[in-house]
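For reference, final-v5.tsv (TSV, C-alpha atoms):
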chain	number	residue	atom	x	y	z
A	1	MET	CA	0.00	0.00	0.00
A	2	ASN	CA	1.50	3.36	-1.01
A	3	ASP	CA	1.08	6.68	0.82
A	4	SER	CA	-1.69	7.86	-1.52
A	5	GLN	CA	-3.87	4.98	-0.31
A	6	LEU	CA	-3.18	5.67	3.38
A	7	SER	CA	-5.11	8.03	5.63
A	8	PHE	CA	-3.41	11.30	6.57
A	9	GLN	CA	-2.60	9.98	10.08
A	10	GLN	CA	-1.16	6.73	8.72
A	11	ALA	CA	0.95	8.54	6.14
A	12	ALA	CA	2.22	10.99	8.79
A	13	TRP	CA	3.14	8.12	11.12
A	14	LYS	CA	4.96	6.36	8.28
A	15	ARG	CA	7.02	9.50	7.61
A	16	LEU	CA	7.64	10.01	11.34
A	17	LYS	CA	9.01	6.47	11.71
A	18	LYS	CA	11.67	7.26	9.11
A	19	ASN	CA	12.97	10.13	11.23
A	20	LYS	CA	15.59	8.62	13.56
A	21	GLY	CA	15.80	11.76	15.70
A	22	ALA	CA	12.04	11.78	16.32
A	23	ILE	CA	12.03	8.08	17.19
A	24	PHE	CA	14.89	8.66	19.64
A	25	GLY	CA	12.86	11.51	21.17
A	26	ILE	CA	9.79	9.29	21.52
A	27	PHE	CA	11.91	6.56	23.13
A	28	VAL	CA	13.39	8.99	25.69
A	29	ILE	CA	9.96	10.48	26.46
A	30	ILE	CA	8.38	7.03	26.99
A	31	ILE	CA	11.20	6.09	29.38
A	32	ALA	CA	10.76	9.40	31.24
A	33	VAL	CA	7.00	8.84	31.57
A	34	VAL	CA	7.49	5.30	32.94
A	35	VAL	CA	10.15	6.56	35.37
A	36	ALA	CA	7.85	9.39	36.50
A	37	ILE	CA	4.88	7.08	37.13
A	38	PHE	CA	6.82	4.41	39.00
A	39	ALA	CA	9.40	6.78	40.52
A	40	TYR	CA	9.06	5.55	44.11
A	41	PHE	CA	9.38	1.90	43.05
A	42	LEU	CA	12.48	2.61	40.94
A	43	ALA	CA	14.28	5.00	43.30
A	44	PRO	CA	16.71	3.46	45.83
A	45	ASP	CA	15.32	5.96	48.37
A	46	SER	CA	11.54	5.43	48.35
A	47	SER	CA	10.80	7.89	51.16
A	48	PRO	CA	8.49	10.86	50.33
A	49	TYR	CA	10.36	13.28	48.01
A	50	ALA	CA	13.44	10.98	48.27
A	51	ASN	CA	14.33	13.04	51.33
A	52	ARG	CA	16.26	10.56	53.49
A	53	ILE	CA	18.76	12.91	55.13
A	54	ILE	CA	22.02	11.37	56.40
A	55	LEU	CA	24.28	14.32	57.08
A	56	GLU	CA	27.37	12.24	57.85
A	57	ILE	CA	27.67	11.09	54.21
A	58	GLY	CA	26.93	14.44	52.51
A	59	GLY	CA	28.69	15.38	49.27
A	60	GLU	CA	30.03	11.93	48.41
A	61	LYS	CA	31.11	11.05	44.87
A	62	PRO	CA	29.36	8.65	42.43
A	63	GLY	CA	29.82	4.98	43.29
A	64	PHE	CA	30.19	5.69	47.02
A	65	LYS	CA	29.37	2.70	49.28
A	66	GLN	CA	28.37	2.82	52.92
A	67	SER	CA	27.20	0.32	55.55
A	68	PHE	CA	24.29	1.24	57.83
A	69	ILE	CA	22.58	-0.09	60.90
A	70	LYS	CA	18.79	0.35	60.80
A	71	VAL	CA	17.46	1.75	64.08
A	72	LYS	CA	13.71	1.79	64.76
A	73	LYS	CA	12.04	5.19	64.96
A	74	ASP	CA	10.30	6.20	68.18
A	75	LYS	CA	6.91	6.39	66.46
A	76	SER	CA	5.29	3.50	64.65
A	77	ILE	CA	5.02	3.90	60.87
A	78	ALA	CA	1.94	2.43	59.20
A	79	PRO	CA	2.76	0.33	56.10
A	80	ALA	CA	1.97	2.11	52.83
A	81	ASN	CA	-0.39	0.46	50.36
A	82	PHE	CA	0.40	0.24	46.64
A	83	LEU	CA	-1.47	3.42	45.66
A	84	THR	CA	0.04	5.50	48.48
A	85	GLN	CA	3.56	4.37	47.60
A	86	LEU	CA	2.92	5.00	43.89
A	87	LEU	CA	1.80	8.58	44.55
A	88	SER	CA	3.98	9.72	47.45
A	89	GLY	CA	6.37	6.93	48.49
A	90	LYS	CA	6.54	5.33	51.92
A	91	GLU	CA	8.01	6.81	55.06
A	92	ASP	CA	11.05	5.04	56.48
A	93	ALA	CA	10.33	3.01	59.61
A	94	PHE	CA	14.04	3.15	60.56
A	95	TYR	CA	16.89	5.60	60.89
A	96	TYR	CA	19.88	4.74	58.71
A	97	VAL	CA	22.96	5.18	60.92
A	98	PRO	CA	26.26	5.00	58.96
A	99	ILE	CA	28.81	2.64	60.51
A	100	ILE	CA	32.43	1.67	59.90
A	101	SER	CA	32.33	-1.72	61.60
A	102	TYR	CA	30.04	-3.79	63.79
A	103	GLU	CA	30.23	-6.71	66.20
A	104	GLN	CA	27.36	-8.87	67.41
A	105	LYS	CA	27.42	-9.86	71.11
A	106	LYS	CA	24.58	-11.86	72.60
A	107	ASP	CA	21.50	-9.63	72.26
A	108	SER	CA	23.25	-6.46	71.03
A	109	PHE	CA	25.23	-4.91	68.21
A	110	ILE	CA	28.36	-2.94	69.04
A	111	VAL	CA	29.11	-0.56	66.18
A	112	GLN	CA	31.55	2.17	65.27
A	113	LYS	CA	29.30	4.98	64.04
A	114	PHE	CA	30.80	6.94	61.15
A	115	ILE	CA	30.90	10.68	61.88
A	116	ASP	CA	33.53	12.03	59.52
A	117	GLU	CA	36.80	10.99	57.94
A	118	GLU	CA	38.98	9.41	60.64
A	119	LEU	CA	36.29	10.16	63.22
A	120	SER	CA	33.91	7.57	64.67
A	121	GLU	CA	31.96	6.85	67.84
A	122	LYS	CA	31.25	3.57	69.62
A	123	GLN	CA	27.55	2.80	70.12
A	124	VAL	CA	25.59	-0.18	71.40
A	125	TYR	CA	22.10	-1.15	70.18
A	126	HIS	CA	19.86	-3.86	71.63
A	127	PHE	CA	18.13	-6.14	69.13
A	128	SER	CA	14.76	-4.66	70.17
A	129	GLN	CA	15.91	-1.26	68.87
A	130	LEU	CA	16.80	-2.57	65.42
A	131	ALA	CA	15.20	-3.84	62.24
A	132	PRO	CA	15.00	-7.63	61.74
A	133	ARG	CA	17.85	-7.33	59.23
A	134	ALA	CA	19.77	-4.65	61.07
A	135	ILE	CA	22.88	-4.28	58.90
A	136	THR	CA	22.59	-3.14	55.29
A	137	SER	CA	24.94	-1.72	52.69
A	138	LYS	CA	24.02	0.84	50.03
A	139	LYS	CA	25.78	2.04	46.91
A	140	PHE	CA	25.05	5.59	45.73
A	141	LEU	CA	25.51	5.42	41.96
A	142	LEU	CA	25.45	9.21	41.49
A	143	GLY	CA	26.70	10.10	44.96
A	144	THR	CA	24.95	12.13	47.66
A	145	ASP	CA	24.13	15.82	48.02
A	146	LYS	CA	25.26	18.03	50.91
A	147	TYR	CA	22.44	16.67	53.07
A	148	GLY	CA	23.41	13.06	52.40
A	149	ARG	CA	20.42	12.38	50.14
A	150	ASP	CA	20.74	9.98	47.22
A	151	ILE	CA	21.16	12.03	44.01
A	152	LEU	CA	19.85	9.22	41.77
A	153	SER	CA	16.63	8.91	43.79
A	154	ARG	CA	16.00	12.65	43.72
A	155	LEU	CA	16.74	12.71	40.00
A	156	ILE	CA	14.17	9.95	39.41
A	157	VAL	CA	11.46	11.57	41.56
A	158	GLY	CA	12.26	14.97	40.04
A	159	THR	CA	11.23	13.60	36.62
A	160	ARG	CA	7.64	13.94	37.84
A	161	VAL	CA	7.94	17.69	38.30
A	162	SER	CA	9.44	18.32	34.85
A	163	LEU	CA	6.92	16.16	32.99
A	164	SER	CA	3.99	17.44	35.08
A	165	VAL	CA	4.83	21.10	34.55
A	166	GLY	CA	5.26	20.44	30.82
A	167	LEU	CA	1.92	18.62	30.56
A	168	ILE	CA	-0.11	21.13	32.57
A	169	THR	CA	1.56	24.02	30.74
A	170	VAL	CA	0.70	22.53	27.35
A	171	ILE	CA	-2.91	21.93	28.43
A	172	ILE	CA	-3.31	25.51	29.69
A	173	SER	CA	-1.51	27.10	26.73
A	174	LEU	CA	-3.41	25.01	24.15
A	175	SER	CA	-6.77	25.71	25.81
A	176	MET	CA	-6.27	29.47	25.94
A	177	GLY	CA	-4.45	29.66	22.60
A	178	LEU	CA	-7.02	27.61	20.69
A	179	ILE	CA	-9.98	29.54	22.10
A	180	LEU	CA	-8.62	33.07	21.73
A	181	GLY	CA	-6.84	32.40	18.43
A	182	SER	CA	-9.94	30.79	16.94
A	183	LEU	CA	-12.20	33.65	18.04
A	184	ALA	CA	-9.79	36.24	16.59
A	185	GLY	CA	-9.33	34.43	13.28
A	186	TYR	CA	-12.93	33.36	12.77
A	187	PHE	CA	-14.85	36.49	13.74
A	188	ARG	CA	-12.16	39.03	12.70
A	189	GLY	CA	-13.08	42.70	12.98
A	190	ARG	CA	-13.40	44.18	16.46
A	191	THR	CA	-13.01	40.78	18.15
A	192	ASP	CA	-9.72	40.25	16.34
A	193	ASP	CA	-8.51	43.77	17.24
A	194	ILE	CA	-9.21	43.32	20.97
A	195	ILE	CA	-7.66	39.84	21.20
A	196	MET	CA	-4.59	40.83	19.17
A	197	TRP	CA	-4.11	43.91	21.35
A	198	PHE	CA	-4.15	41.68	24.44
A	199	ILE	CA	-1.79	39.17	22.77
A	200	ASN	CA	0.67	41.93	21.84
A	201	VAL	CA	0.64	43.31	25.39
A	202	ILE	CA	1.45	39.87	26.85
A	203	TRP	CA	3.97	39.22	24.04
A	204	SER	CA	5.88	42.38	24.91
A	205	ILE	CA	6.54	41.30	28.51
A	206	PRO	CA	9.64	39.07	28.99
A	207	THR	CA	8.55	35.53	29.85
A	208	LEU	CA	10.57	35.19	33.06
A	209	LEU	CA	9.42	38.61	34.27
A	210	LEU	CA	5.78	37.65	33.68
A	211	VAL	CA	6.30	34.30	35.41
A	212	PHE	CA	7.84	36.07	38.41
A	213	ALA	CA	4.89	38.48	38.59
A	214	ILE	CA	2.35	35.62	38.49
A	215	THR	CA	4.40	33.63	41.03
A	216	LEU	CA	4.44	36.60	43.42
A	217	VAL	CA	0.65	36.84	43.16
A	218	LEU	CA	-0.04	33.09	43.47
A	219	GLY	CA	2.84	32.29	45.86
A	220	LYS	CA	5.66	29.79	45.52
A	221	GLY	CA	4.94	26.10	45.17
A	222	PHE	CA	4.29	23.07	43.02
A	223	TRP	CA	0.88	23.98	41.52
A	224	GLN	CA	1.66	27.68	41.29
A	225	VAL	CA	4.53	26.92	38.90
A	226	PHE	CA	2.17	25.02	36.58
A	227	ILE	CA	-0.27	27.91	36.39
A	228	ALA	CA	2.40	30.61	36.11
A	229	VAL	CA	4.27	28.92	33.26
A	230	GLY	CA	1.04	27.90	31.48
A	231	LEU	CA	-0.34	31.44	31.56
A	232	THR	CA	2.78	32.78	29.83
A	233	MET	CA	3.03	30.30	26.95
A	234	TRP	CA	-0.40	30.54	25.32
A	235	VAL	CA	0.49	33.62	23.24
A	236	ASN	CA	2.47	31.86	20.51
A	237	VAL	CA	-0.27	29.21	20.27
A	238	ALA	CA	-2.94	31.90	19.88
A	239	ARG	CA	-0.99	33.70	17.14
A	240	LEU	CA	-0.45	30.45	15.24
A	241	VAL	CA	-4.09	29.37	15.57
A	242	ARG	CA	-5.36	32.79	14.46
A	243	GLY	CA	-3.26	32.62	11.29
A	244	GLN	CA	-4.40	29.09	10.52
A	245	VAL	CA	-8.07	29.91	11.11
A	246	LEU	CA	-7.85	33.03	8.91
A	247	GLY	CA	-6.69	30.82	6.06
A	248	VAL	CA	-9.11	27.95	6.62
A	249	ARG	CA	-12.30	30.00	7.19
A	250	GLU	CA	-12.37	31.06	3.51
A	251	LEU	CA	-12.25	27.50	2.16
A	252	GLU	CA	-15.27	26.02	0.44
A	253	TYR	CA	-16.09	23.38	3.05
A	254	VAL	CA	-16.36	26.05	5.77
A	255	GLU	CA	-18.64	28.12	3.51
A	256	ALA	CA	-20.73	24.98	3.02
A	257	THR	CA	-21.12	24.48	6.77
A	258	ARG	CA	-22.31	28.08	7.12
A	259	ALA	CA	-24.82	27.56	4.30
A	260	LEU	CA	-26.15	24.48	6.12
A	261	GLY	CA	-26.83	26.66	9.17
A	262	PHE	CA	-24.33	25.08	11.55
A	263	SER	CA	-23.49	27.10	14.68
A	264	HIS	CA	-20.20	28.99	14.93
A	265	PHE	CA	-19.15	26.71	17.81
A	266	ARG	CA	-19.69	23.56	15.75
A	267	ILE	CA	-17.92	25.00	12.71
A	268	ILE	CA	-14.85	25.93	14.77
A	269	VAL	CA	-14.65	22.77	16.89
A	270	ARG	CA	-15.82	20.10	14.44
A	271	HIS	CA	-14.66	21.44	11.09
A	272	ILE	CA	-11.80	23.93	11.58
A	273	TRP	CA	-9.82	22.58	14.54
A	274	PRO	CA	-9.24	19.07	13.10
A	275	ASN	CA	-7.69	20.67	10.00
A	276	ILE	CA	-5.25	22.96	11.82
A	277	MET	CA	-4.04	20.49	14.48
A	278	GLY	CA	-0.78	19.64	12.67
A	279	PRO	CA	1.00	22.95	13.41
A	280	VAL	CA	-0.63	23.10	16.86
A	281	ILE	CA	0.79	19.69	17.81
A	282	VAL	CA	4.25	20.78	16.67
A	283	ILE	CA	4.14	23.97	18.77
A	284	ALA	CA	2.81	21.94	21.73
A	285	ALA	CA	5.98	19.79	21.65
A	286	SER	CA	8.09	22.97	21.54
A	287	ASN	CA	6.15	24.46	24.46
A	288	PHE	CA	6.67	21.26	26.46
A	289	ALA	CA	10.44	21.63	26.10
A	290	SER	CA	10.31	25.36	26.92
A	291	ALA	CA	8.21	24.71	30.03
A	292	ILE	CA	10.78	22.24	31.38
A	293	VAL	CA	13.57	24.83	30.97
A	294	ILE	CA	11.48	27.64	32.51
A	295	GLU	CA	10.49	25.49	35.51
A	296	ALA	CA	14.13	24.53	36.06
A	297	GLY	CA	15.11	28.20	35.87
A	298	LEU	CA	12.39	29.23	38.34
A	299	SER	CA	13.40	26.50	40.79
A	300	PHE	CA	17.07	27.47	40.43
A	301	LEU	CA	16.16	31.08	41.29
A	302	GLY	CA	14.08	29.96	44.28
A	303	ALA	CA	10.69	30.95	42.83
A	304	GLY	CA	9.61	27.48	41.70
A	305	VAL	CA	9.22	24.15	43.45
A	306	GLN	CA	10.15	24.43	47.12
A	307	PRO	CA	12.27	22.04	49.24
A	308	PRO	CA	12.18	19.21	50.11
A	309	GLN	CA	10.34	18.35	46.87
A	310	PRO	CA	12.98	17.43	44.29
A	311	SER	CA	13.21	19.46	41.10
A	312	TRP	CA	16.08	19.30	38.65
A	313	GLY	CA	16.51	23.08	38.75
A	314	LEU	CA	16.44	23.07	42.56
A	315	MET	CA	19.05	20.28	42.61
A	316	ILE	CA	21.36	22.42	40.47
A	317	LYS	CA	20.81	25.39	42.80
A	318	GLU	CA	21.62	23.32	45.89
A	319	ASN	CA	24.76	21.81	44.41
A	320	TYR	CA	26.16	24.16	41.72
A	321	ASN	CA	29.03	25.23	44.02
A	322	PHE	CA	30.35	21.65	43.81
A	323	ILE	CA	31.06	22.08	40.05
A	324	ILE	CA	34.42	23.73	40.77
A	325	THR	CA	35.20	21.62	43.84
A	326	GLN	CA	35.42	17.92	44.49
A	327	ASN	CA	32.09	16.58	43.14
A	328	PRO	CA	30.71	18.25	39.98
A	329	MET	CA	28.29	15.36	39.30
A	330	LEU	CA	25.91	16.72	41.95
A	331	ALA	CA	24.98	19.59	39.63
A	332	LEU	CA	25.86	18.01	36.28
A	333	ALA	CA	23.49	15.02	36.69
A	334	PRO	CA	20.26	17.10	36.83
A	335	GLY	CA	21.72	19.38	34.12
A	336	PHE	CA	22.20	16.39	31.80
A	337	ALA	CA	18.66	15.19	32.62
A	338	ILE	CA	17.17	18.57	31.65
A	339	MET	CA	19.24	18.63	28.45
A	340	LEU	CA	18.23	15.09	27.43
A	341	LEU	CA	14.49	15.59	28.03
A	342	VAL	CA	14.41	18.99	26.30
A	343	LEU	CA	16.38	17.53	23.36
A	344	ALA	CA	13.88	14.65	23.13
A	345	PHE	CA	10.88	17.00	22.87
A	346	ASN	CA	12.63	19.25	20.35
A	347	LEU	CA	13.57	16.25	18.18
A	348	LEU	CA	9.99	15.00	18.38
A	349	GLY	CA	8.68	18.47	17.48
A	350	ASN	CA	10.99	18.66	14.44
A	351	GLY	CA	9.94	15.17	13.38
A	352	LEU	CA	6.24	16.03	13.71
A	353	ARG	CA	6.78	19.21	11.69
A	354	ASP	CA	8.31	17.21	8.84
A	355	ALA	CA	5.73	14.42	9.07
A	356	LEU	CA	2.65	16.65	9.19
A	357	ASN	CA	3.77	19.28	6.68
A	358	VAL	CA	2.96	17.60	3.36
A	359	ARG	CA	2.87	20.82	1.29
A	360	GLY	CA	5.52	20.84	-1.40
A	361	LYS	CA	6.51	17.23	-0.69
A	362	GLY	CA	6.12	14.16	-2.76
A	363	LEU	CA	4.34	11.21	-1.21
A	364	SER	CA	6.97	8.67	-2.19
Output the file's structure in the form of structure tokens.
Amino acid sequence: MNDSQLSFQQAAWKRLKKNKGAIFGIFVIIIAVVVAIFAYFLAPDSSPYANRIILEIGGEKPGFKQSFIKVKKDKSIAPANFLTQLLSGKEDAFYYVPIISYEQKKDSFIVQKFIDEELSEKQVYHFSQLAPRAITSKKFLLGTDKYGRDILSRLIVGTRVSLSVGLITVIISLSMGLILGSLAGYFRGRTDDIIMWFINVIWSIPTLLLVFAITLVLGKGFWQVFIAVGLTMWVNVARLVRGQVLGVRELEYVEATRALGFSHFRIIVRHIWPNIMGPVIVIAASNFASAIVIEAGLSFLGAGVQPPQPSWGLMIKENYNFIITQNPMLALAPGFAIMLLVLAFNLLGNGLRDALNVRGKGLS
């Protein structure tokens, strides 16, 4: 079956599959989505926000290994069910005390608690104070931050923030952009003048400045970042949609729907939108990438996601001073993660642009 016998969607998918960059982008995005959903099952530290603080082992390099003795907490911790752990992790029932060596005597463990290099302290724990398997060893593949938290775990859990802010931003920007752009392009005249004036006012304000203003009004936090970034990225969608609608509204099939007496709402939603979705999907992928960068920038500047919730931008902020000291991976790891995810969405956007833009191309 050749492309002329395929539907538009099938032909676009066939062209997209030939684009190795776009396929790589899809592959990275799928992995990121799976990691984000099952973050607390994949992360070595499954505590809420991967926030297991062990100050004694702060700032260690990738591949660092440490033995621990697990000491029961004073309060009892209820076991987390599957849904709770999926959404927010499970609280540790034990303290992880770093040790250099241990010795078991009758009903107790005698350990040398690690405090710092060449500094330790002797401690004795009764079996009743400890977990059933009291001694454990952990390897920190990407090292630990200055609070002794596992960088890999926080990187995994932080994937949720980046993908969530991208998704919510795209939903908000597409909703506002489609509605306002369609109204401006379809009705033209005074409606177009008012909407374009509003678009130009928003367009003239620097994105970060506008995000800061909205963040100051809404406050700092997880959901506030979504709204702030989303409300700043609808303008380019609206301008694109307006241009597309201006071109499509004069076509014969739209004139036919008017002659049949269809409502303006039905004409826009059922007959115009499906025919302009190609460029909109491409700009949505671009906005997704931009939202990830803006969220990371906000968190780095302290106006985004707040501690202890992990965000890649916040991780860079907390650890960027290590770049020129002994452990640059603390800041480079989240930087590479941002770069890879943004690259994936940009490659996908470029692939979609080529696959959906059939004007001037042969269908071979």
Show me, as JSON lines, the residues of region 141-196 of chain A having an atom within 12 Å of region 73-90 of chain A, each with the closest atom pair and its distance in Å, using all atoms listed in the file.
{"residue": "A:Ser153", "atom": "CA", "partner": "A:Gly89", "partner_atom": "CA", "distance": 11.5}
{"residue": "A:Val157", "atom": "CA", "partner": "A:Ser88", "partner_atom": "CA", "distance": 9.7}
{"residue": "A:Arg160", "atom": "CA", "partner": "A:Leu87", "partner_atom": "CA", "distance": 10.4}
Exercise. Return the single residue from A:Glu318, A:Glu252, A:Asp354, A:Glu56 that is closest to Ile281 (chain A), with distances computed using all atoms listed in the file.
Key: A:Asp354
Exercise. Skip region 300-315 of chain A itself and residues of its chain fewer than 5 positions away, then list as an NGL selection string all residues within 6 Å of it, counting all atoms listed in the file.
Key: :A and (49 or 154 or 158 or 220-222 or 225 or 334)
Practice problem: Give as a PyMOL selection string each residue that has an atom at most 10 Å from (-9.8, 28.9, 9.4) in the file, counting only C-alpha atoms. | Solution: chain A and resi 182+185-186+241-251+254+267-268+271-273+275-276
Compile a residue-level contact table for region 37-76 of chain A against region 114-133 of chain A at a cut-off of 6 Å, reporting for every qualifying residue the shortest atom pair and its distance in Å to one decimal, with only C-alpha atoms counted, rows ordered by chain and ascending number, as JSON lines.
{"residue": "A:Glu56", "atom": "CA", "partner": "A:Ile115", "partner_atom": "CA", "distance": 5.6}
{"residue": "A:Lys70", "atom": "CA", "partner": "A:Ala131", "partner_atom": "CA", "distance": 5.7}
{"residue": "A:Val71", "atom": "CA", "partner": "A:Leu130", "partner_atom": "CA", "distance": 4.6}
{"residue": "A:Lys72", "atom": "CA", "partner": "A:Leu130", "partner_atom": "CA", "distance": 5.4}
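Restricting the calculation to all atoms listed in the file, the smallest distance between Thr136 (chain A) and any of A:Ser290, A:Thr159, A:Ser263, A:Gln66 is found for A:Gln66.
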Practice problem: Would you list the contacts of Ala289 (chain A) as number ranges by chain, taking every protein, DNA or RNA residue within 7 Å and counting all atoms listed in the file, but skipping same-chain residues closer than 4 positions in sequence? | Solution: A: 285, 293, 342, 345-346
Quiz item: When you draw a straight line from CA of Tyr253 (chain A) to CA of Thr191 (chain A), how long is it in Å?
Solution: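 So the two atoms, CA of Tyr253 (chain A) and CA of Thr191 (chain A), lie 23.2 Å apart.
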Quiz item: Quick one: of A:Asp193, A:Asp92, A:Glu295, A:Asp145, who's nearest to Pro62 (chain A), counting all atoms listed in the file?
Solution: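 So, comparing all the options, the nearest one is A:Asp145.
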Practice problem: Tell me, in Å to one decimal, how far CA of Met176 (chain A) is from CA of Met233 (chain A). | Solution: 9.4 Å
Contact check, region 205-301 of chain A to region 166-173 of chain A, at most 9 Å, counting all atoms listed in the file, closest pairs as JSON lines:
{"residue": "A:Phe226", "atom": "CA", "partner": "A:Thr169", "partner_atom": "CA", "distance": 6.0}
{"residue": "A:Ile227", "atom": "CA", "partner": "A:Thr169", "partner_atom": "CA", "distance": 7.1}
{"residue": "A:Ala228", "atom": "CA", "partner": "A:Thr169", "partner_atom": "CA", "distance": 8.5}
{"residue": "A:Val229", "atom": "CA", "partner": "A:Thr169", "partner_atom": "CA", "distance": 6.1}
{"residue": "A:Gly230", "atom": "CA", "partner": "A:Thr169", "partner_atom": "CA", "distance": 4.0}
{"residue": "A:Leu231", "atom": "CA", "partner": "A:Ser173", "partner_atom": "CA", "distance": 6.6}
{"residue": "A:Thr232", "atom": "CA", "partner": "A:Ser173", "partner_atom": "CA", "distance": 7.8}
{"residue": "A:Met233", "atom": "CA", "partner": "A:Ser173", "partner_atom": "CA", "distance": 5.6}
{"residue": "A:Trp234", "atom": "CA", "partner": "A:Ser173", "partner_atom": "CA", "distance": 3.9}
{"residue": "A:Val235", "atom": "CA", "partner": "A:Ser173", "partner_atom": "CA", "distance": 7.7}
{"residue": "A:Asn236", "atom": "CA", "partner": "A:Ser173", "partner_atom": "CA", "distance": 8.8}
{"residue": "A:Val237", "atom": "CA", "partner": "A:Ser173", "partner_atom": "CA", "distance": 6.9}
{"residue": "A:Ala238", "atom": "CA", "partner": "A:Ser173", "partner_atom": "CA", "distance": 8.5}
{"residue": "A:Ala284", "atom": "CA", "partner": "A:Val170", "partner_atom": "CA", "distance": 6.0}
{"residue": "A:Ala285", "atom": "CA", "partner": "A:Val170", "partner_atom": "CA", "distance": 8.2}
{"residue": "A:Asn287", "atom": "CA", "partner": "A:Val170", "partner_atom": "CA", "distance": 6.5}
{"residue": "A:Phe288", "atom": "CA", "partner": "A:Gly166", "partner_atom": "CA", "distance": 4.7}
{"residue": "A:Ala289", "atom": "CA", "partner": "A:Gly166", "partner_atom": "CA", "distance": 7.1}
{"residue": "A:Ser290", "atom": "CA", "partner": "A:Gly166", "partner_atom": "CA", "distance": 8.1}
{"residue": "A:Ala291", "atom": "CA", "partner": "A:Gly166", "partner_atom": "CA", "distance": 5.2}
{"residue": "A:Ile292", "atom": "CA", "partner": "A:Gly166", "partner_atom": "CA", "distance": 5.8}
{"residue": "A:Glu295", "atom": "CA", "partner": "A:Gly166", "partner_atom": "CA", "distance": 8.7}
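Going from CA of Arg353 (chain A) to CA of Gly21 (chain A) covers 12.4 Å.
Proximity of A:Ser175, A:Leu152, A:Pro206, A:Ile57 to Ala39 (chain A), computed with all atoms listed in the file, is greatest for A:Leu152.
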Quiz item: Within 9 Å of Pro44 (chain A), counting all atoms listed in the file, which residues qualify if same-chain residues fewer than 2 places away don't, as a list in words?
Solution: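 Non-adjacent residues within range: Tyr40, Phe41, Leu42, Ser46, Ala50, Lys138, Phe140, Asp150, Leu152 and Ser153 of chain A.
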As lines of an AutoDock Vina configuration file: centre and edge lengths in Å, one decimal, of the axis-aligned box holding region 118-130 of chain A with 6 Å per side:
center_x = 26.9
center_y = 2.0
center_z = 66.1
size_x = 36.2
size_y = 28.3
size_z = 23.0
Exercise. Pick out the residues sitting within 7 Å of Ile195 (chain A), and hand them over as a PyMOL selection string; count all atoms listed in the file, and ignore anything fewer than 3 positions along from it in its own chain.
Key: chain A and resi 180+184+191-192+198-199
Self-check item: Counting all atoms listed in the file, the option among A:Ile135, A:Ala43, A:Leu356, A:Ile294 closest to Leu155 (chain A)
Solution: A:Ala43
Completion of region 216-227 of chain A up to N, CA and C atoms, as an mmCIF file, keeping the file's coordinate frame:
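Contents of out.cif, freshly written:
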data_model
loop_
_atom_site.group_PDB
_atom_site.id
_atom_site.type_symbol
_atom_site.label_atom_id
_atom_site.label_comp_id
_atom_site.auth_asym_id
_atom_site.auth_seq_id
_atom_site.Cartn_x
_atom_site.Cartn_y
_atom_site.Cartn_z
ATOM 1 N N LEU A 216 4.578 35.741 42.235
ATOM 2 C CA LEU A 216 4.440 36.600 43.420
ATOM 3 C C LEU A 216 2.973 36.727 43.837
ATOM 4 N N VAL A 217 2.075 36.744 42.850
ATOM 5 C CA VAL A 217 0.650 36.840 43.160
ATOM 6 C C VAL A 217 0.117 35.523 43.720
ATOM 7 N N LEU A 218 0.492 34.406 43.081
ATOM 8 C CA LEU A 218 -0.040 33.090 43.470
ATOM 9 C C LEU A 218 0.742 32.463 44.618
ATOM 10 N N GLY A 219 1.984 32.908 44.848
ATOM 11 C CA GLY A 219 2.840 32.290 45.860
ATOM 12 C C GLY A 219 3.736 31.242 45.224
ATOM 13 N N LYS A 220 4.726 30.805 45.990
ATOM 14 C CA LYS A 220 5.660 29.790 45.520
ATOM 15 C C LYS A 220 5.098 28.402 45.801
ATOM 16 N N GLY A 221 5.386 27.462 44.919
ATOM 17 C CA GLY A 221 4.940 26.100 45.170
ATOM 18 C C GLY A 221 4.768 25.305 43.902
ATOM 19 N N PHE A 222 4.393 24.045 44.086
ATOM 20 C CA PHE A 222 4.290 23.070 43.020
ATOM 21 C C PHE A 222 3.231 23.468 41.993
ATOM 22 N N TRP A 223 1.983 23.674 42.439
ATOM 23 C CA TRP A 223 0.880 23.980 41.520
ATOM 24 C C TRP A 223 0.984 25.395 40.973
ATOM 25 N N GLN A 224 1.521 26.305 41.761
ATOM 26 C CA GLN A 224 1.660 27.680 41.290
ATOM 27 C C GLN A 224 2.580 27.777 40.068
ATOM 28 N N VAL A 225 3.609 26.921 40.045
ATOM 29 C CA VAL A 225 4.530 26.920 38.900
ATOM 30 C C VAL A 225 3.791 26.514 37.637
ATOM 31 N N PHE A 226 2.937 25.472 37.740
ATOM 32 C CA PHE A 226 2.170 25.020 36.580
ATOM 33 C C PHE A 226 1.365 26.166 35.979
ATOM 34 N N ILE A 227 0.620 26.840 36.849
ATOM 35 C CA ILE A 227 -0.270 27.910 36.390
ATOM 36 C C ILE A 227 0.535 29.076 35.820
#
